[in-house]
Amino acid sequence: MVDTTVIATRLKKLDEYQRPLRQLQKVSLEEYLADDNLQTIVERKMQLSIQVCIDIANYVIAALGLRAPDELENVFEILGQEGVLSTDLGQRMVGMVQFRNILVHDYLDINPRIVHDNLTQGLADFDQFSQEIITRFLPQSPLSREEL
């Protein structure tokens, strides 16, 4: 059984991480490359955003008794295959886990241009993830995307 409070709490946290990223989406590449503090903020908020999505995915897999992933990035693939997420979104989210792994483990190889691309073009996937999770698990809830 899925505890919707667990999901709603994590979706609220995801929104908290995403708010500053949305405000920074219009920062030019040149401005981004010139500001180490800005890069650090974006990298950390992206890492935390992805981690919250992973946490939600792992929770849903456990709560629904779905097969356990053999690799961390497979959590989204499983949710796509099981119809919890759209297949297309599930595949895109696999890329997010790989990006998170670079942010966390391969920090010496972080390419700030790629991070900036993810900032300016990749936030819509977080919104779609939230919306698909809300539609699936919180349809009767008074929570809407704006309230999270």
# chains A, B, ... in the order shown; residues from 1 in each chain; ligands from 1

$ residues_around --residues "A:Asp55" --least-positions-apart "6" --cutoff "12 Å" --atoms "only C-alpha atoms" --output "mmCIF file with N, CA and C atoms, in the first residue's frame"
data_model
loop_
_atom_site.group_PDB
_atom_site.id
_atom_site.type_symbol
_atom_site.label_atom_id
_atom_site.label_comp_id
_atom_site.auth_asym_id
_atom_site.auth_seq_id
_atom_site.Cartn_x
_atom_site.Cartn_y
_atom_site.Cartn_z
ATOM 1 N N VAL A 6 4.000 10.176 2.286
ATOM 2 C CA VAL A 6 5.412 10.012 1.956
ATOM 3 C C VAL A 6 5.704 10.659 0.607
ATOM 4 N N ILE A 7 4.844 10.387 -0.359
ATOM 5 C CA ILE A 7 5.035 10.935 -1.704
ATOM 6 C C ILE A 7 4.864 12.447 -1.697
ATOM 7 N N THR A 9 5.217 14.600 0.697
ATOM 8 C CA THR A 9 6.321 15.254 1.411
ATOM 9 C C THR A 9 7.541 15.378 0.507
ATOM 10 N N ARG A 10 7.833 14.338 -0.219
ATOM 11 C CA ARG A 10 8.998 14.362 -1.104
ATOM 12 C C ARG A 10 8.757 15.256 -2.316
ATOM 13 N N LEU A 11 7.543 15.287 -2.817
ATOM 14 C CA LEU A 11 7.243 16.192 -3.928
ATOM 15 C C LEU A 11 7.364 17.650 -3.500
ATOM 16 N N LYS A 13 9.455 18.724 -1.264
ATOM 17 C CA LYS A 13 10.899 18.955 -1.186
ATOM 18 C C LYS A 13 11.473 19.148 -2.593
ATOM 19 N N LEU A 14 11.012 18.353 -3.544
ATOM 20 C CA LEU A 14 11.454 18.516 -4.928
ATOM 21 C C LEU A 14 11.146 19.923 -5.423
ATOM 22 N N LEU A 48 20.224 17.174 -5.588
ATOM 23 C CA LEU A 48 19.165 16.917 -4.610
ATOM 24 C C LEU A 48 17.824 16.651 -5.288
ATOM 25 N N SER A 49 17.543 17.357 -6.365
ATOM 26 C CA SER A 49 16.298 17.134 -7.101
ATOM 27 C C SER A 49 16.242 15.717 -7.648
ATOM 28 N N ILE A 61 8.363 1.576 -5.857
ATOM 29 C CA ILE A 61 8.703 0.193 -6.207
ATOM 30 C C ILE A 61 8.483 -0.723 -5.004
ATOM 31 N N ALA A 62 8.953 -0.310 -3.837
ATOM 32 C CA ALA A 62 8.786 -1.128 -2.635
ATOM 33 C C ALA A 62 7.315 -1.226 -2.239
ATOM 34 N N LEU A 72 20.889 1.422 -9.845
ATOM 35 C CA LEU A 72 20.117 2.577 -9.390
ATOM 36 C C LEU A 72 19.319 3.226 -10.512
ATOM 37 N N GLU A 73 19.922 3.395 -11.686
ATOM 38 C CA GLU A 73 19.201 4.068 -12.771
ATOM 39 C C GLU A 73 18.010 3.269 -13.281
ATOM 40 N N VAL A 75 15.559 2.212 -11.596
ATOM 41 C CA VAL A 75 14.314 2.482 -10.869
ATOM 42 C C VAL A 75 13.296 3.147 -11.784
ATOM 43 N N PHE A 76 13.741 4.064 -12.620
ATOM 44 C CA PHE A 76 12.817 4.773 -13.499
ATOM 45 C C PHE A 76 12.403 3.908 -14.691
ATOM 46 N N VAL A 97 19.785 10.012 -13.560
ATOM 47 C CA VAL A 97 20.543 9.270 -12.544
ATOM 48 C C VAL A 97 22.015 9.234 -12.942
#

$ residues_around --residues "stretch 116-121 of chain A" --least-positions-apart "6" --cutoff "9 Å" --atoms "only C-alpha atoms" --output "short mmCIF file (atom, residue, chain, number, x, y, z; two decimals) with C-alpha atoms, in the first residue's frame"
data_model
loop_
_atom_site.label_atom_id
_atom_site.label_comp_id
_atom_site.auth_asym_id
_atom_site.auth_seq_id
_atom_site.Cartn_x
_atom_site.Cartn_y
_atom_site.Cartn_z
CA LEU A 21 16.71 26.44 -10.40
CA ARG A 22 13.73 27.84 -12.31
CA LEU A 24 18.31 30.65 -12.67
CA GLN A 25 17.23 29.19 -16.01
CA LYS A 26 17.71 32.51 -17.81
CA VAL A 27 21.34 32.88 -16.71
CA SER A 28 23.51 32.99 -19.81
CA LEU A 29 26.21 30.40 -20.34
CA TYR A 32 27.21 30.76 -15.48
CA LEU A 33 30.79 29.86 -16.47
CA GLN A 39 27.73 26.62 -10.48
CA VAL A 42 22.99 24.67 -9.48
CA MET A 46 20.18 19.41 -9.37
#

$ closest_residue --among "A:Gly65, A:Lys12, A:Arg113, A:Met96" --to "A:Glu77" --atoms "only C-alpha atoms"
A:Met96

$ select_by_dssp --residues "chain A" --states "helix (DSSP H, G or I)" --output "ChimeraX atom specification"
/A:4-24,29-34,36-64,74-81,87-105,107-109,112-121,123-137,145-147

$ closest_residue --among "A:Gly90, A:Gly95, A:Gly83, A:Pro20" --to "A:Gly122" --atoms "only C-alpha atoms"
A:Gly95

$ residues_around --residues "A:Ile78" --least-positions-apart "5" --cutoff "12 Å" --atoms "only C-alpha atoms" --output "list in words"
Ile54, Ala57, Asn58, Val60, Ile61, Ala62, Leu64, Gly65, Leu66, Arg67, Ala68, Pro69, Asp70, Glu71, Leu72, Glu73, Gly83, Val84, Leu85, Ser86, Thr87, Asp88, Leu89, Gly90, Gln91, Met93 and Val94 of chain A
